[in-house]
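Take a look at the structure set out below.
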Amino acid sequence: MAFVVGLTGGIASGKTTVANLFHHHFSIDMVDADVVARQVVEPDTPGLAAIVDHFGAEILLPDGRLNRARLRERIFSHPAEKQWLNQLLHPLIRQKMIDDLRCVQSAYALLVVPLLVENQLQSLCDRVLVVDVDEQTQIERTMRRDGVEETQVKAILQSQASRRERLAIANDVIKNNATDQDLLLQVTNLHQKYLAMSQQNR
Ligand code: ATP
């Protein structure tokens with residue numbers, strides 16, 4: 001498998017922005033946990049079949065895709081159902097991420113995982129890169145991007161790992177505060193470092 005750099009950060013920290021810089025400037029391939037999480041419940045997957053077995057066919061939209069809003073309703077305030085779903089999905093997501101990482105052709109791979117710390121996925125990574133940003137910037141960028149209220153963003157921040165918890169497992173940090181935005185320079189320096197590391201690892 002390629003050398004794997006896990007890329008994580010809180011809501012609106014800039015993970016997608018950073019991953020796109022690695023991809024567009026240096027052709028580094030990425031595996032995105034959010035994309036994988038949707039793929040494992042697409043029609044004709046064992047994941048979706050298990051969900052239908054458990055919740056019944058009313059969990060599907062008329063076209064056969066998963067009705068996410070209904071699923072959210074069914075697990076909201078039902079910890080046992082939520083746990084059942086996580087126990088089904090987490091191994092499926094983990095396995096597909098591993099399979100996709102095996103297909104990566106670039107010198108190293110970026111594994112973009114918003115909840116890397118929360119779901120303890122560091123074990124899949126050779127290196128953890130955290131996009132770090134202060135909370136006020138996170139709140140402002142989320143409100144602007146998603147058109148949501150401040151209280152809603154604060155609730156999401158509360159539900160995620162703290163900045164300190166994330167930094168505690170970071171091998172590398174990209175700072176994306178309003179004041180230090182030279183993202184491409186930070187990405188370029190890290191790219192050189194990861195290239196050297198991935199070559200040593202061969
Ligand atoms: P999420 O996990 O919430 O989807 P993310 O960590 O992938 O978010 P992005 O989508 O990359 O974060 O960035 C969040 C928002 O902040 C976007 O609207 C993006 O354009 C903006 N943004 C990111 N970095 C900067 C920056 N350095 N300066 C200004 N705006 C930025």
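Each chain in the structure tokens gets a letter, A, B and so on, in the order shown; residues start at 1 in every chain, and ligands are counted from 1 in the order they appear.
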* **Environment of ligand 1 within 7 Å, counting only C-alpha atoms and all ligand atoms, reported as a list in words** => Gly9, Gly10, Ile11, Ala12, Ser13, Gly14, Lys15, Thr16, Thr17, Val18, Pro114, Arg141, Thr142, Arg145, Asn176, Asn177, Ala178, Gln181 and Leu183 of chain A
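These are the residues of chain A assigned strand (DSSP E or B) by DSSP from backbone coordinates: A:Phe3, A:Val4, A:Val5, A:Gly6, A:Leu7, A:Thr8, A:Asp29, A:Met30, A:Val31, A:Asp32, A:Leu60, A:Leu66, A:Tyr108, A:Ala109, A:Leu110, A:Leu111, A:Val112, A:Arg127, A:Val128, A:Leu129, A:Val130, A:Val131, A:Asp132, A:Asp172, A:Val173, A:Ile174, A:Lys175.
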Residues from the last selection, C-alpha atoms, saved as a PDB file, in the first residue's frame:
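Okay, this is what ended up in part31.pdb:
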```pdb
ATOM      1  CA  PHE A   3       2.439   5.717   2.217  1.00  0.00           C
ATOM      2  CA  VAL A   4      -0.742   7.119   3.834  1.00  0.00           C
ATOM      3  CA  VAL A   5      -1.109  10.648   5.173  1.00  0.00           C
ATOM      4  CA  GLY A   6      -4.306  11.020   7.212  1.00  0.00           C
ATOM      5  CA  LEU A   7      -5.759  14.510   6.810  1.00  0.00           C
ATOM      6  CA  THR A   8      -8.159  15.682   9.473  1.00  0.00           C
ATOM      7  CA  ASP A  29      -4.566  10.940  -4.967  1.00  0.00           C
ATOM      8  CA  MET A  30      -7.023  11.081  -2.112  1.00  0.00           C
ATOM      9  CA  VAL A  31      -9.513   8.783  -0.479  1.00  0.00           C
ATOM     10  CA  ASP A  32     -12.318  10.723   1.193  1.00  0.00           C
ATOM     11  CA  LEU A  60     -35.660   3.413   0.968  1.00  0.00           C
ATOM     12  CA  LEU A  66     -31.286   5.107   1.008  1.00  0.00           C
ATOM     13  CA  TYR A 108       1.714   8.739  -1.321  1.00  0.00           C
ATOM     14  CA  ALA A 109      -2.008   8.924  -0.559  1.00  0.00           C
ATOM     15  CA  LEU A 110      -4.106  11.401   1.354  1.00  0.00           C
ATOM     16  CA  LEU A 111      -6.826   9.842   3.492  1.00  0.00           C
ATOM     17  CA  VAL A 112      -9.279  12.649   4.279  1.00  0.00           C
ATOM     18  CA  ARG A 127       1.357  10.127   9.354  1.00  0.00           C
ATOM     19  CA  VAL A 128      -1.426  12.400  10.657  1.00  0.00           C
ATOM     20  CA  LEU A 129      -1.774  15.908   9.238  1.00  0.00           C
ATOM     21  CA  VAL A 130      -4.133  18.231  11.120  1.00  0.00           C
ATOM     22  CA  VAL A 131      -5.588  21.378   9.581  1.00  0.00           C
ATOM     23  CA  ASP A 132      -5.740  23.662  12.592  1.00  0.00           C
ATOM     24  CA  ASP A 172       2.195  17.695  11.107  1.00  0.00           C
ATOM     25  CA  VAL A 173      -0.008  20.783  11.309  1.00  0.00           C
ATOM     26  CA  ILE A 174      -1.254  23.185   8.662  1.00  0.00           C
ATOM     27  CA  LYS A 175      -2.365  26.506  10.101  1.00  0.00           C
TER      28      LYS A 175
END
```
* Using only C-alpha atoms, which residues sit within 9 Å of Ala37 (chain A) once same-chain residues fewer than 6 positions away are excluded, as a ChimeraX atom specification? -> /A:89-90,92-93,96
* Asked: Could you pull out all residues of region 100-149 of chain A with a DSSP call of alpha helix (DSSP H) and give them as JSON, numbers by chain?
  -> {"A": [100, 101, 102, 135, 136, 137, 138, 139, 140, 141, 142, 143, 144, 145, 146]}
The selected residues should be written to file as a PDB file, in the first residue's frame (atoms: N, CA, C and O atoms).
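What follows is the written file result-v9.pdb:
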```pdb
ATOM      1  N   ASP A 100      -9.431   1.096  -1.358  1.00  0.00           N
ATOM      2  CA  ASP A 100      -9.175   2.249  -2.231  1.00  0.00           C
ATOM      3  C   ASP A 100      -7.733   2.732  -2.093  1.00  0.00           C
ATOM      4  O   ASP A 100      -7.109   3.134  -3.087  1.00  0.00           O
ATOM      5  N   LEU A 101      -7.198   2.698  -0.887  1.00  0.00           N
ATOM      6  CA  LEU A 101      -5.797   3.126  -0.685  1.00  0.00           C
ATOM      7  C   LEU A 101      -4.844   2.216  -1.443  1.00  0.00           C
ATOM      8  O   LEU A 101      -3.805   2.649  -1.942  1.00  0.00           O
ATOM      9  N   ARG A 102      -5.217   0.933  -1.547  1.00  0.00           N
ATOM     10  CA  ARG A 102      -4.362  -0.021  -2.280  1.00  0.00           C
ATOM     11  C   ARG A 102      -4.289   0.325  -3.770  1.00  0.00           C
ATOM     12  O   ARG A 102      -3.360  -0.077  -4.451  1.00  0.00           O
ATOM     13  N   GLU A 135     -11.417  28.588  16.744  1.00  0.00           N
ATOM     14  CA  GLU A 135     -12.865  28.328  16.704  1.00  0.00           C
ATOM     15  C   GLU A 135     -13.647  29.467  16.061  1.00  0.00           C
ATOM     16  O   GLU A 135     -14.626  29.233  15.361  1.00  0.00           O
ATOM     17  N   GLN A 136     -13.215  30.706  16.323  1.00  0.00           N
ATOM     18  CA  GLN A 136     -13.957  31.833  15.771  1.00  0.00           C
ATOM     19  C   GLN A 136     -13.944  31.767  14.237  1.00  0.00           C
ATOM     20  O   GLN A 136     -14.960  31.993  13.586  1.00  0.00           O
ATOM     21  N   THR A 137     -12.802  31.406  13.671  1.00  0.00           N
ATOM     22  CA  THR A 137     -12.705  31.286  12.205  1.00  0.00           C
ATOM     23  C   THR A 137     -13.589  30.141  11.718  1.00  0.00           C
ATOM     24  O   THR A 137     -14.285  30.271  10.702  1.00  0.00           O
ATOM     25  N   GLN A 138     -13.584  29.023  12.464  1.00  0.00           N
ATOM     26  CA  GLN A 138     -14.445  27.889  12.076  1.00  0.00           C
ATOM     27  C   GLN A 138     -15.908  28.326  12.042  1.00  0.00           C
ATOM     28  O   GLN A 138     -16.646  27.991  11.117  1.00  0.00           O
ATOM     29  N   ILE A 139     -16.305  29.065  13.081  1.00  0.00           N
ATOM     30  CA  ILE A 139     -17.714  29.495  13.181  1.00  0.00           C
ATOM     31  C   ILE A 139     -18.054  30.415  12.007  1.00  0.00           C
ATOM     32  O   ILE A 139     -19.053  30.206  11.309  1.00  0.00           O
ATOM     33  N   GLU A 140     -17.187  31.398  11.765  1.00  0.00           N
ATOM     34  CA  GLU A 140     -17.478  32.342  10.677  1.00  0.00           C
ATOM     35  C   GLU A 140     -17.537  31.642   9.317  1.00  0.00           C
ATOM     36  O   GLU A 140     -18.433  31.897   8.513  1.00  0.00           O
ATOM     37  N   ARG A 141     -16.577  30.745   9.068  1.00  0.00           N
ATOM     38  CA  ARG A 141     -16.543  30.089   7.745  1.00  0.00           C
ATOM     39  C   ARG A 141     -17.722  29.143   7.568  1.00  0.00           C
ATOM     40  O   ARG A 141     -18.262  29.026   6.467  1.00  0.00           O
ATOM     41  N   THR A 142     -18.125  28.462   8.635  1.00  0.00           N
ATOM     42  CA  THR A 142     -19.285  27.558   8.506  1.00  0.00           C
ATOM     43  C   THR A 142     -20.562  28.358   8.267  1.00  0.00           C
ATOM     44  O   THR A 142     -21.374  28.007   7.410  1.00  0.00           O
ATOM     45  N   MET A 143     -20.725  29.455   9.027  1.00  0.00           N
ATOM     46  CA  MET A 143     -21.941  30.269   8.859  1.00  0.00           C
ATOM     47  C   MET A 143     -22.026  30.798   7.432  1.00  0.00           C
ATOM     48  O   MET A 143     -23.076  30.763   6.807  1.00  0.00           O
ATOM     49  N   ARG A 144     -20.882  31.265   6.917  1.00  0.00           N
ATOM     50  CA  ARG A 144     -20.867  31.826   5.558  1.00  0.00           C
ATOM     51  C   ARG A 144     -21.130  30.732   4.524  1.00  0.00           C
ATOM     52  O   ARG A 144     -21.928  30.884   3.610  1.00  0.00           O
ATOM     53  N   ARG A 145     -20.478  29.586   4.695  1.00  0.00           N
ATOM     54  CA  ARG A 145     -20.592  28.514   3.691  1.00  0.00           C
ATOM     55  C   ARG A 145     -21.963  27.865   3.707  1.00  0.00           C
ATOM     56  O   ARG A 145     -22.566  27.614   2.661  1.00  0.00           O
ATOM     57  N   ASP A 146     -22.466  27.540   4.929  1.00  0.00           N
ATOM     58  CA  ASP A 146     -23.686  26.730   5.014  1.00  0.00           C
ATOM     59  C   ASP A 146     -24.934  27.560   5.328  1.00  0.00           C
ATOM     60  O   ASP A 146     -26.033  27.011   5.370  1.00  0.00           O
TER      61      ASP A 146
END
```
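The space separating CA of Phe22 (chain A) from CA of Leu115 (chain A) comes to 20.1 Å.
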Contact table region 17-45 of chain A vs region 191-202 of chain A, cut-off 10 Å, shortest pair per residue, only C-alpha atoms, as a Markdown table:
```
| residue | atom | partner | partner_atom | distance |
| --- | --- | --- | --- | --- |
| A:Phe22 | CA | A:His191 | CA | 7.5 |
| A:His25 | CA | A:His191 | CA | 9.8 |
| A:Phe26 | CA | A:His191 | CA | 7.8 |
| A:Ile28 | CA | A:His191 | CA | 9.1 |
```
Save out the residues we just selected, all heavy atoms, as a short mmCIF file (atom, residue, chain, number, x, y, z; two decimals), in the first residue's frame.
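File result.cif, as written:
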```cif
data_model
loop_
_atom_site.label_atom_id
_atom_site.label_comp_id
_atom_site.auth_asym_id
_atom_site.auth_seq_id
_atom_site.Cartn_x
_atom_site.Cartn_y
_atom_site.Cartn_z
N PHE A 22 -3.09 19.68 -2.64
CA PHE A 22 -2.20 18.52 -2.87
C PHE A 22 -2.53 17.87 -4.21
O PHE A 22 -1.64 17.44 -4.94
CB PHE A 22 -2.39 17.48 -1.75
CG PHE A 22 -1.59 17.72 -0.51
CD1 PHE A 22 -2.16 18.29 0.62
CD2 PHE A 22 -0.24 17.37 -0.45
CE1 PHE A 22 -1.42 18.50 1.79
CE2 PHE A 22 0.52 17.57 0.71
CZ PHE A 22 -0.09 18.15 1.83
N HIS A 25 -1.85 20.65 -7.42
CA HIS A 25 -0.46 21.07 -7.64
C HIS A 25 0.50 19.89 -7.75
O HIS A 25 1.51 19.98 -8.42
CB HIS A 25 -0.01 22.03 -6.54
CG HIS A 25 -0.69 23.35 -6.63
ND1 HIS A 25 -0.17 24.41 -7.34
CD2 HIS A 25 -1.87 23.77 -6.13
CE1 HIS A 25 -1.01 25.43 -7.27
NE2 HIS A 25 -2.04 25.08 -6.54
N PHE A 26 0.17 18.78 -7.06
CA PHE A 26 1.15 17.69 -7.00
C PHE A 26 0.57 16.33 -7.41
O PHE A 26 1.22 15.31 -7.24
CB PHE A 26 1.75 17.61 -5.58
CG PHE A 26 2.36 18.92 -5.14
CD1 PHE A 26 1.79 19.65 -4.11
CD2 PHE A 26 3.48 19.42 -5.79
CE1 PHE A 26 2.34 20.88 -3.73
CE2 PHE A 26 4.03 20.64 -5.42
CZ PHE A 26 3.46 21.37 -4.37
N ILE A 28 -1.54 14.37 -6.11
CA ILE A 28 -1.64 13.36 -5.06
C ILE A 28 -3.08 12.86 -4.99
O ILE A 28 -4.03 13.64 -4.94
CB ILE A 28 -1.19 13.95 -3.70
CG1 ILE A 28 0.28 14.36 -3.76
CG2 ILE A 28 -1.46 12.98 -2.55
CD1 ILE A 28 1.25 13.23 -4.13
#
```
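Each of A:Gly147, A:Gly64, A:Gly47, A:Gly56 was checked against Leu85 (chain A) using only C-alpha atoms; the smallest atom-to-atom distance is that of A:Gly47.
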* Asked: Can you list, as a list in words, every protein, DNA or RNA residue that comes within 12 Å of Lys82 (chain A) when you count only C-alpha atoms, leaving out same-chain residues fewer than 4 positions away?
  ->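 Result of the neighbour search: Ile51, Phe55, Leu71, Arg72, Glu73, Arg74, Ile75, Phe76, Ser77, His78, Asn86, Gln87, Leu88, Leu89 and His90 of chain A.
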Quick one: write out the picked residues with N, CA, C and O atoms as a PDB file, in the first residue's frame?
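Written output follows (again-v3.pdb):
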```pdb
ATOM      1  N   ILE A  51     -29.227  -2.724   6.051  1.00  0.00           N
ATOM      2  CA  ILE A  51     -30.064  -1.651   6.609  1.00  0.00           C
ATOM      3  C   ILE A  51     -31.540  -1.924   6.318  1.00  0.00           C
ATOM      4  O   ILE A  51     -32.409  -1.747   7.180  1.00  0.00           O
ATOM      5  N   PHE A  55     -34.318  -2.192   9.182  1.00  0.00           N
ATOM      6  CA  PHE A  55     -35.322  -1.127   9.346  1.00  0.00           C
ATOM      7  C   PHE A  55     -36.550  -1.322   8.455  1.00  0.00           C
ATOM      8  O   PHE A  55     -37.537  -0.609   8.611  1.00  0.00           O
ATOM      9  N   LEU A  71     -33.516   7.710   7.858  1.00  0.00           N
ATOM     10  CA  LEU A  71     -32.562   6.964   8.692  1.00  0.00           C
ATOM     11  C   LEU A  71     -32.120   7.823   9.876  1.00  0.00           C
ATOM     12  O   LEU A  71     -32.057   7.342  11.018  1.00  0.00           O
ATOM     13  N   ARG A  72     -31.836   9.093   9.589  1.00  0.00           N
ATOM     14  CA  ARG A  72     -31.443  10.015  10.683  1.00  0.00           C
ATOM     15  C   ARG A  72     -32.533  10.067  11.746  1.00  0.00           C
ATOM     16  O   ARG A  72     -32.272  10.016  12.941  1.00  0.00           O
ATOM     17  N   GLU A  73     -33.799  10.170  11.281  1.00  0.00           N
ATOM     18  CA  GLU A  73     -34.937  10.182  12.222  1.00  0.00           C
ATOM     19  C   GLU A  73     -34.970   8.915  13.070  1.00  0.00           C
ATOM     20  O   GLU A  73     -35.226   8.957  14.262  1.00  0.00           O
ATOM     21  N   ARG A  74     -34.749   7.774  12.407  1.00  0.00           N
ATOM     22  CA  ARG A  74     -34.858   6.490  13.107  1.00  0.00           C
ATOM     23  C   ARG A  74     -33.778   6.310  14.169  1.00  0.00           C
ATOM     24  O   ARG A  74     -33.995   5.584  15.146  1.00  0.00           O
ATOM     25  N   ILE A  75     -32.608   6.918  13.964  1.00  0.00           N
ATOM     26  CA  ILE A  75     -31.543   6.725  14.967  1.00  0.00           C
ATOM     27  C   ILE A  75     -31.464   7.888  15.951  1.00  0.00           C
ATOM     28  O   ILE A  75     -30.856   7.759  17.009  1.00  0.00           O
ATOM     29  N   PHE A  76     -32.097   9.012  15.614  1.00  0.00           N
ATOM     30  CA  PHE A  76     -32.081  10.180  16.487  1.00  0.00           C
ATOM     31  C   PHE A  76     -32.758   9.819  17.811  1.00  0.00           C
ATOM     32  O   PHE A  76     -33.865   9.309  17.822  1.00  0.00           O
ATOM     33  N   SER A  77     -32.090  10.070  18.902  1.00  0.00           N
ATOM     34  CA  SER A  77     -32.582   9.705  20.254  1.00  0.00           C
ATOM     35  C   SER A  77     -32.819   8.219  20.441  1.00  0.00           C
ATOM     36  O   SER A  77     -33.608   7.830  21.307  1.00  0.00           O
ATOM     37  N   HIS A  78     -32.218   7.384  19.618  1.00  0.00           N
ATOM     38  CA  HIS A  78     -32.277   5.928  19.824  1.00  0.00           C
ATOM     39  C   HIS A  78     -30.855   5.374  19.821  1.00  0.00           C
ATOM     40  O   HIS A  78     -30.387   4.864  18.797  1.00  0.00           O
ATOM     41  N   ASN A  86     -23.698   2.088  13.472  1.00  0.00           N
ATOM     42  CA  ASN A  86     -22.246   2.309  13.486  1.00  0.00           C
ATOM     43  C   ASN A  86     -21.480   0.995  13.408  1.00  0.00           C
ATOM     44  O   ASN A  86     -20.459   0.897  12.727  1.00  0.00           O
ATOM     45  N   GLN A  87     -22.011  -0.020  14.109  1.00  0.00           N
ATOM     46  CA  GLN A  87     -21.310  -1.313  14.093  1.00  0.00           C
ATOM     47  C   GLN A  87     -21.369  -1.965  12.712  1.00  0.00           C
ATOM     48  O   GLN A  87     -20.494  -2.725  12.338  1.00  0.00           O
ATOM     49  N   LEU A  88     -22.432  -1.658  11.982  1.00  0.00           N
ATOM     50  CA  LEU A  88     -22.511  -2.151  10.603  1.00  0.00           C
ATOM     51  C   LEU A  88     -21.562  -1.361   9.702  1.00  0.00           C
ATOM     52  O   LEU A  88     -20.778  -1.942   8.935  1.00  0.00           O
ATOM     53  N   LEU A  89     -21.655  -0.029   9.791  1.00  0.00           N
ATOM     54  CA  LEU A  89     -20.997   0.812   8.786  1.00  0.00           C
ATOM     55  C   LEU A  89     -19.491   0.986   9.001  1.00  0.00           C
ATOM     56  O   LEU A  89     -18.728   1.005   8.029  1.00  0.00           O
ATOM     57  N   HIS A  90     -19.069   1.102  10.247  1.00  0.00           N
ATOM     58  CA  HIS A  90     -17.649   1.410  10.461  1.00  0.00           C
ATOM     59  C   HIS A  90     -16.703   0.375   9.843  1.00  0.00           C
ATOM     60  O   HIS A  90     -15.753   0.755   9.147  1.00  0.00           O
TER      61      HIS A  90
END
```
* Of the listed residues A:Arg166, A:Val148, A:Gln105, A:Glu42, that which approaches Val133 (chain A) most closely, counting only C-alpha atoms ->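 For Val133 (chain A), the nearest of the candidates is A:Arg166.
Separating CA of His54 (chain A) from CA of Pro79 (chain A) is a distance of 15.1 Å.
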* Between A:Gln83, A:Ala107, A:Asn171, A:Pro46, which is the closest to His23 (chain A) once you count only C-alpha atoms? ->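 Closest candidate: A:Ala107.
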